[in-house]
Every structure is written in structure tokens, then in C-alpha cells.
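**Q** Take a look at the following structure, please.
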Amino acid sequence: MNILSLFKILKLQFPPGILCVFLAGFLVRLFAFFNTYIVNQDGAYYIHQAKALFFNQFESLTSCALPYLSNYPFFIAGAYALFNDWEVAAKSVSIFFGTITLIPIYLLLKRFFDERISILATLIFAFTPVLVSRSVDVVKGPVYWFFLVLGLLFYVLELEKKKPVFLVFASISFLMAAWARVDALFFIVMSSFHILVAIQGDKIKRLCAFISPVFILIVCLAIFSMSTDSSFGKISRTEEVSRSIKMIPESYNLLRDKLADQAAGQPYRTNKERVLNYFLTEARTNIWIVAFGTLLNRTLESFFYPFFLIFALGLIGIREKLQNDKRFFYFLLLVFSGLIVLYCYILSRWVLEYRYFALVIFPGMVFTGIGLEKAFNYLQSRSKAPVALILILLFIFSFGLSKNLQDRRGEDLVYKNVGRFISEREGNNEVAVATSEFSQSWVALYSNSNSNGASCLQLRNAINRMARRNYNSFLKRIKARSVKYFLWEEKLWPHKSYSFIKKDNHRYFKELKRWEHEKIGEIILFEII
């Protein structure tokens, strides 16, 4: 298959309407870009890895909080050569992939719906708040999304054309997505399952085509593991997946036991105290309901409440679609199995961030299309097509823009100012700064933004690890770690420690500048002399 025939199959024709949607999606992300004043805290670690790649400090790649190397830092290092600014480079990669993900979304929707519905559904994804906000954060998500949707597109093409080469493309795309986020292995597993149970004809041949890139990768990783004496489970991340699966029953049973201990240890001399005892007893046996409520809440928030109504409307109409088009079963399988995976994740960790919902949001795009189709037909039956189109556009724009056109993380900008202040003093030199755990990644990132190195200065200089005993012990620890600056933060100084700010410390600590933080209070930067 040549490139021209592939383009013809993909129907790479972009009418003015979808070009306007792409532009709107980019502009709303660009607005978020300029109104996100400081990177997310874990973004500092991805920039660290990118700097290690750029400056050929390969020994530092997995030595700073992140034990794995994704493909995201490679893109950041490449973008740095263009922008010459690490923060801008990292955010530009996110906004680029977050925007171009709209292209395979539209191309996939076109396989199921007419042009009008495909454009409207793509517009919903262009304005979905979770996707917009993550598109300007320093995170792996946007890279993951692009290759994930590309894999779904190739898989659907194979269902239509019955050409195994598309399964190879789909597998490679899923593997690229998994390199960004290991969650994408879910799509390889479920797609393999779908081939075995739902596809008619040449199952073994098609399954072999799909898993051939996976097999080649496993062989390469095994050879690398043996030649470098590294753990295969660690470099392939199967160790991490296995550990997460084992955590589900362990965490569930541990929580039940803890709740039982709490209930048994509660005094109930009064009726109010007896209520708490009864509650803990009931909670122990109804943990699964709490997990379900958490999943429902996060699902609504991830899809965004107004847009979830469209998705839900599409689920209601899936039965009729399944009778006429078996391809919908693949997406139904992905959505419901994805929800089960997320439910199990809640039971194991009781933390579920919005980024995990890519497992459901992107396979759910076809149900969003069905929901829009039903809504449009209903409105059209009671008015005219242009009126129905305008009403749906008003719905998407009014809710989408009101949520997305907001400032983000402005209150923490003070830490960027602290880092920039230090960076101006130090120039290209690497510098260690002692801070609280809350601010250490920010301060370390910005204070070393101009340095030509990738030393891991984020983890070893947390104040709570050095200020446990007394002033002399604290001073000794700081000097032993070659720390040059110390950032005192009013509400983050360890309460059980001594009061640093009330002591006469001018002999060894020279005050440089003061800032105010809305929640943390006064912040003072000292130079250690």
C-alpha cells in the first residue's frame, strides 16, 4: 500500500467547517497556554529528562523521581532546539499534540457519521475542558492521546477494508501511546480480545498481524535486558502493571480491616458517637458503593457535565446502531471495559485523576456522535436544519468557552518568580535550593532554567528532611548538601520543629527578598553564607 492510496482511504479532505474547528481548538488552547503562569509540579521531572537527553547526560535520565523514560522528553528536547526555553518547549509539545489529536478524531468520526455531525462532535472534543487544560500542561497525555486515537482509526479501517496492514499500523500506534503512558496497553489487550471474539474470518492471521509489532518489541527488550543486565519487567513496565493488579485485593482488604478497627475502637457514650460507630460498620461492607460513586463523579467531571449528556444520549441509542454496524461493538467493549479498569483502580488506590479517563473519553467519541445525531434530528423535526445547527453550536460554545477561558494556577506564580530571581543571580550555573516538598520541583526548575546540565536537585533538599532537630543540625545538613539558597515558607515550615524565623540567623543566612503567597503566607529567600 502506497501513501496515496492510504490518503484516499482516510478521506483526507478537510472542508472549511472542520478547519474552523481545528483553529478554534488551537485558539482555546493558546489562550490556556498564555494564561497558565507556572508549569504543573511533576512537569519539572519531564523537563529534567529532556535536559538529560539534550546534554547527553544519559545516566540522569531515570534518576530523578521518574524510573521510566517516555517518548515525551524526546519531543521536548527537539522543541528546545527551536524555542531555546525549556518551559515553552515542553508546553509547545503538549499544545501541538493536543491540537493535532483533533485530526484523527475527525477522520475517525467520518467513518461513522456525515460531515455535519463529525464536525460538531470534533468541536466538543476541541472544547472539552480536561483535554484543553492538559494540552498546555507539561504532561505525557497529549502525546498519548494522538497515538491512541490514531490506533483506533487504523483499527476501524481494518474492520472496513479487512487489510491486516492496518492492524500493524494500529498496533504500532498503540505501542507509541503506551510508551507515553502505560495505560495504552489496555487497548492492545482489548483489541486482541475483540479480534478473537468478534471478528469473522482469518482470526489467527489478523491477530498475528496485530501482535507482530508487540512480539518484535518484546524480543528487542529481552535482548536489551540481557545485554545490560536490566530487569525485563522493569524496562517493559509489566512489573508495574502486575503490581497494580495485585494491589486491588490487598488495598480492598486493608481498608476493610482498618474500618473494622476504627468501628471497634469508637466510644459511643452518646447517640452522636454511636452514629459514627454504625456508619463505620456499614462503610466496611459498602466500600464497593463508595468506589462506584467516585467513578460516577469523576466520569461526569472528566467528560464535563453538559457534554456528558450528549455522550449518555448516544449510549441510549447504541442498540439500533449495533444492529446495522458491528463496528460499534468494538467501542462499546472499550468503554465498558475501560470503566471496569478505572473502577478497579479506585479500589486499589482511591485516587483517580482526570487524565486516566482517556481510556473512556476517546473510545466514547462515537457515542458522542450518536448523541449529537439524535439531538440534531430531534431539533430538526421541530424546526429547520439551520436552527438545529445553531442551537447545538450555541450549546457547545456557551458551555465550552465559559469553562475554558479562565486563568490557571496564578497563585503559585510566586515560585516561578523566586526561581527566576535565583537564575538571574546564578546565570548558567546549577544551584541547589532548600525548600518545602510542595515547592521544590518549581524552584529547582526555574532557578536552573539557564543551566547547561540535568542534575536532580528536586528531591534531596526538602526542608522537612533537614529541619527535624534544631538549628545547628539544620545548618549542618544544609552545608553538607552544598545548598546555596534556603526558601522559608511561613505555613510550610515543619510545626514540630524549632522556630527558624524567630532566631537571629543573620550570621549564616542573608535575607535576599520577600514574597507573599495567598495561602502559604510570607515567603523569604535566604542566601547561605
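By convention here, the chains of the C-alpha cells are called A, B, ... in the order presented, each chain's residues are numbered starting at 1, and ligands are numbered starting at 1 in the order presented.
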For Ile38 (chain A), list every protein, DNA or RNA residue within 7 Å, evaluated using only C-alpha atoms, and leave out those in the same chain fewer than 2 positions away; present the list as a PDB file with C-alpha atoms, in the first residue's frame.

**A**
ATOM      1  CA  THR A  36      -1.143  29.159  32.653  1.00  0.00           C
ATOM      2  CA  ASN A  40       2.421  21.670  36.868  1.00  0.00           C
ATOM      3  CA  ARG A 409      -2.581  28.432  38.747  1.00  0.00           C
ATOM      4  CA  LEU A 413       3.364  32.185  40.238  1.00  0.00           C
ATOM      5  CA  LYS A 416       8.381  30.982  39.388  1.00  0.00           C
TER       6      LYS A 416
END

**Q** I want to know what sits within 12 Å of Leu254 (chain A), based on only C-alpha atoms, with residues of the same chain fewer than 5 positions away left out; could you give that as a PDB file with C-alpha atoms, in the first residue's frame?

**A**
ATOM      1  CA  MET A 247      -2.849  -4.034  44.833  1.00  0.00           C
ATOM      2  CA  ILE A 248      -6.588  -4.337  44.150  1.00  0.00           C
ATOM      3  CA  PRO A 249      -7.460  -7.131  46.651  1.00  0.00           C
ATOM      4  CA  LEU A 259     -12.618   0.434  59.044  1.00  0.00           C
ATOM      5  CA  ALA A 260     -13.408  -2.518  61.298  1.00  0.00           C
ATOM      6  CA  ASP A 261     -10.665  -1.435  63.724  1.00  0.00           C
ATOM      7  CA  ARG A 284     -16.847  -1.512  55.790  1.00  0.00           C
ATOM      8  CA  ILE A 287     -16.828   0.070  50.079  1.00  0.00           C
ATOM      9  CA  LEU A 347     -10.399   0.141  44.745  1.00  0.00           C
ATOM     10  CA  SER A 348      -6.609  -0.205  44.708  1.00  0.00           C
ATOM     11  CA  ARG A 349      -5.546   3.435  45.233  1.00  0.00           C
TER      12      ARG A 349
END

**Q** If you count only C-alpha atoms, which residues fall within 9 Å of region 221-224 of chain A, apart from same-chain ones fewer than 6 positions away, as a compact mmCIF listing (two decimals) with all heavy atoms, in the first residue's frame?

**A**
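So the final result, stored in result34.txt, reads:
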# COMPACT_ATOMS: atom_id res chain seq x y z
N SER A 230 19.60 -5.64 32.92
CA SER A 230 18.47 -4.90 33.48
C SER A 230 17.28 -5.84 33.65
O SER A 230 17.20 -6.88 32.99
CB SER A 230 18.08 -3.73 32.58
OG SER A 230 19.17 -2.87 32.35
N PHE A 232 13.81 -7.19 32.91
CA PHE A 232 12.87 -7.11 31.79
C PHE A 232 11.54 -6.54 32.25
O PHE A 232 10.92 -5.73 31.56
CB PHE A 232 12.66 -8.49 31.17
CG PHE A 232 11.63 -8.50 30.07
CD1 PHE A 232 11.96 -8.08 28.80
CD2 PHE A 232 10.32 -8.92 30.33
CE1 PHE A 232 11.00 -8.06 27.78
CE2 PHE A 232 9.37 -8.92 29.32
CZ PHE A 232 9.71 -8.49 28.05
N ILE A 235 11.93 -2.61 32.54
CA ILE A 235 12.04 -1.82 31.31
C ILE A 235 10.80 -1.96 30.42
O ILE A 235 10.48 -1.06 29.65
CB ILE A 235 13.32 -2.18 30.51
CG1 ILE A 235 13.30 -3.66 30.09
CG2 ILE A 235 14.56 -1.87 31.30
CD1 ILE A 235 14.46 -4.04 29.20
N SER A 236 10.09 -3.10 30.54
CA SER A 236 8.86 -3.28 29.76
C SER A 236 7.63 -2.76 30.50
O SER A 236 6.54 -2.71 29.94
CB SER A 236 8.65 -4.76 29.44
OG SER A 236 8.42 -5.52 30.62

**Q** Could you pull out the residues in region 20-176 of chain A that DSSP calls alpha helix (DSSP H) from the backbone, as JSON, numbers by chain?

**A** {"A": [20, 21, 22, 23, 24, 25, 26, 27, 28, 29, 30, 31, 32, 33, 34, 43, 44, 45, 46, 47, 48, 49, 50, 51, 52, 53, 54, 72, 73, 74, 75, 76, 77, 78, 79, 80, 81, 82, 83, 86, 87, 88, 89, 90, 91, 92, 93, 94, 95, 96, 97, 98, 99, 100, 102, 103, 104, 105, 106, 107, 108, 109, 115, 116, 117, 118, 119, 120, 121, 122, 123, 124, 125, 126, 127, 129, 130, 131, 132, 133, 134, 141, 142, 143, 144, 145, 146, 147, 148, 149, 150, 151, 152, 153, 154, 155, 156, 157, 158, 159, 160, 161, 164, 165, 166, 167, 168, 169, 170, 171, 172, 173, 174, 175, 176]}

**Q** Can you write out as CSV which residues of region 56-76 of chain A fall within 12 Å of region 434-452 of chain A, alongside each residue's closest atom pair and its distance in Å to one decimal, counting only C-alpha atoms and ordering rows by chain and ascending residue number?

**A**
residue,atom,partner,partner_atom,distance
A:Asn56,CA,A:Asn452,CA,10.7
A:Gln57,CA,A:Asn452,CA,10.5
A:Cys64,CA,A:Ser441,CA,10.7
A:Ala65,CA,A:Ser441,CA,10.5

**Q** List as a ChimeraX atom specification the protein and nucleic acid residues near region 394-403 of chain A, meaning an atom at most 10 Å away when only C-alpha atoms are counted, but skip any in the same chain fewer than 4 places from it.

**A** /A:28,120-121,123-130,132,304-307,388-390

**Q** Just the selected residues (C-alpha atoms), exported as an mmCIF file, in the first residue's frame, please.

**A**
data_model
loop_
_atom_site.group_PDB
_atom_site.id
_atom_site.type_symbol
_atom_site.label_atom_id
_atom_site.label_comp_id
_atom_site.auth_asym_id
_atom_site.auth_seq_id
_atom_site.Cartn_x
_atom_site.Cartn_y
_atom_site.Cartn_z
ATOM 1 C CA VAL A 28 -8.686 27.983 23.038
ATOM 2 C CA LEU A 120 -19.893 19.065 15.692
ATOM 3 C CA ALA A 121 -18.510 16.079 17.609
ATOM 4 C CA LEU A 123 -15.876 20.638 18.212
ATOM 5 C CA ILE A 124 -16.958 19.050 21.508
ATOM 6 C CA PHE A 125 -13.548 17.440 21.858
ATOM 7 C CA ALA A 126 -11.897 20.717 20.901
ATOM 8 C CA PHE A 127 -13.669 22.373 23.860
ATOM 9 C CA THR A 128 -13.702 19.552 26.440
ATOM 10 C CA PRO A 129 -12.101 21.303 29.465
ATOM 11 C CA VAL A 130 -9.977 18.356 30.623
ATOM 12 C CA VAL A 132 -7.854 21.741 26.851
ATOM 13 C CA PHE A 304 -17.711 17.742 31.509
ATOM 14 C CA TYR A 305 -21.316 17.680 32.716
ATOM 15 C CA PRO A 306 -23.043 19.318 29.705
ATOM 16 C CA PHE A 307 -21.060 17.261 27.179
ATOM 17 C CA ALA A 388 -30.974 22.984 14.919
ATOM 18 C CA LEU A 389 -27.342 23.538 13.920
ATOM 19 C CA ILE A 390 -27.248 26.999 15.537
#

**Q** Pick the closest to Asn324 (chain A) from A:Phe74, A:Val431, A:Val168, A:Phe112: which is it, counting only C-alpha atoms?

**A**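 Between A:Phe74, A:Val431, A:Val168, A:Phe112, the residue approaching Asn324 (chain A) most closely is A:Phe112.
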
**Q** Mind giving me the straight-line distance from CA of Thr101 (chain A) to CA of Glu239 (chain A) in Å, one decimal?

**A** 29.8 Å

**Q** Which residue is closest to Leu30 (chain A)? Choose from A:Asn404, A:Gln380, A:Ser251, A:Gln13 and count only C-alpha atoms.

**A**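 Between A:Asn404, A:Gln380, A:Ser251, A:Gln13, the residue approaching Leu30 (chain A) most closely is A:Asn404.
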
**Q** What separation in Å, quoted to one decimal, exists between CA of Phe146 (chain A) and CA of Leu61 (chain A)?

**A** 24.2 Å
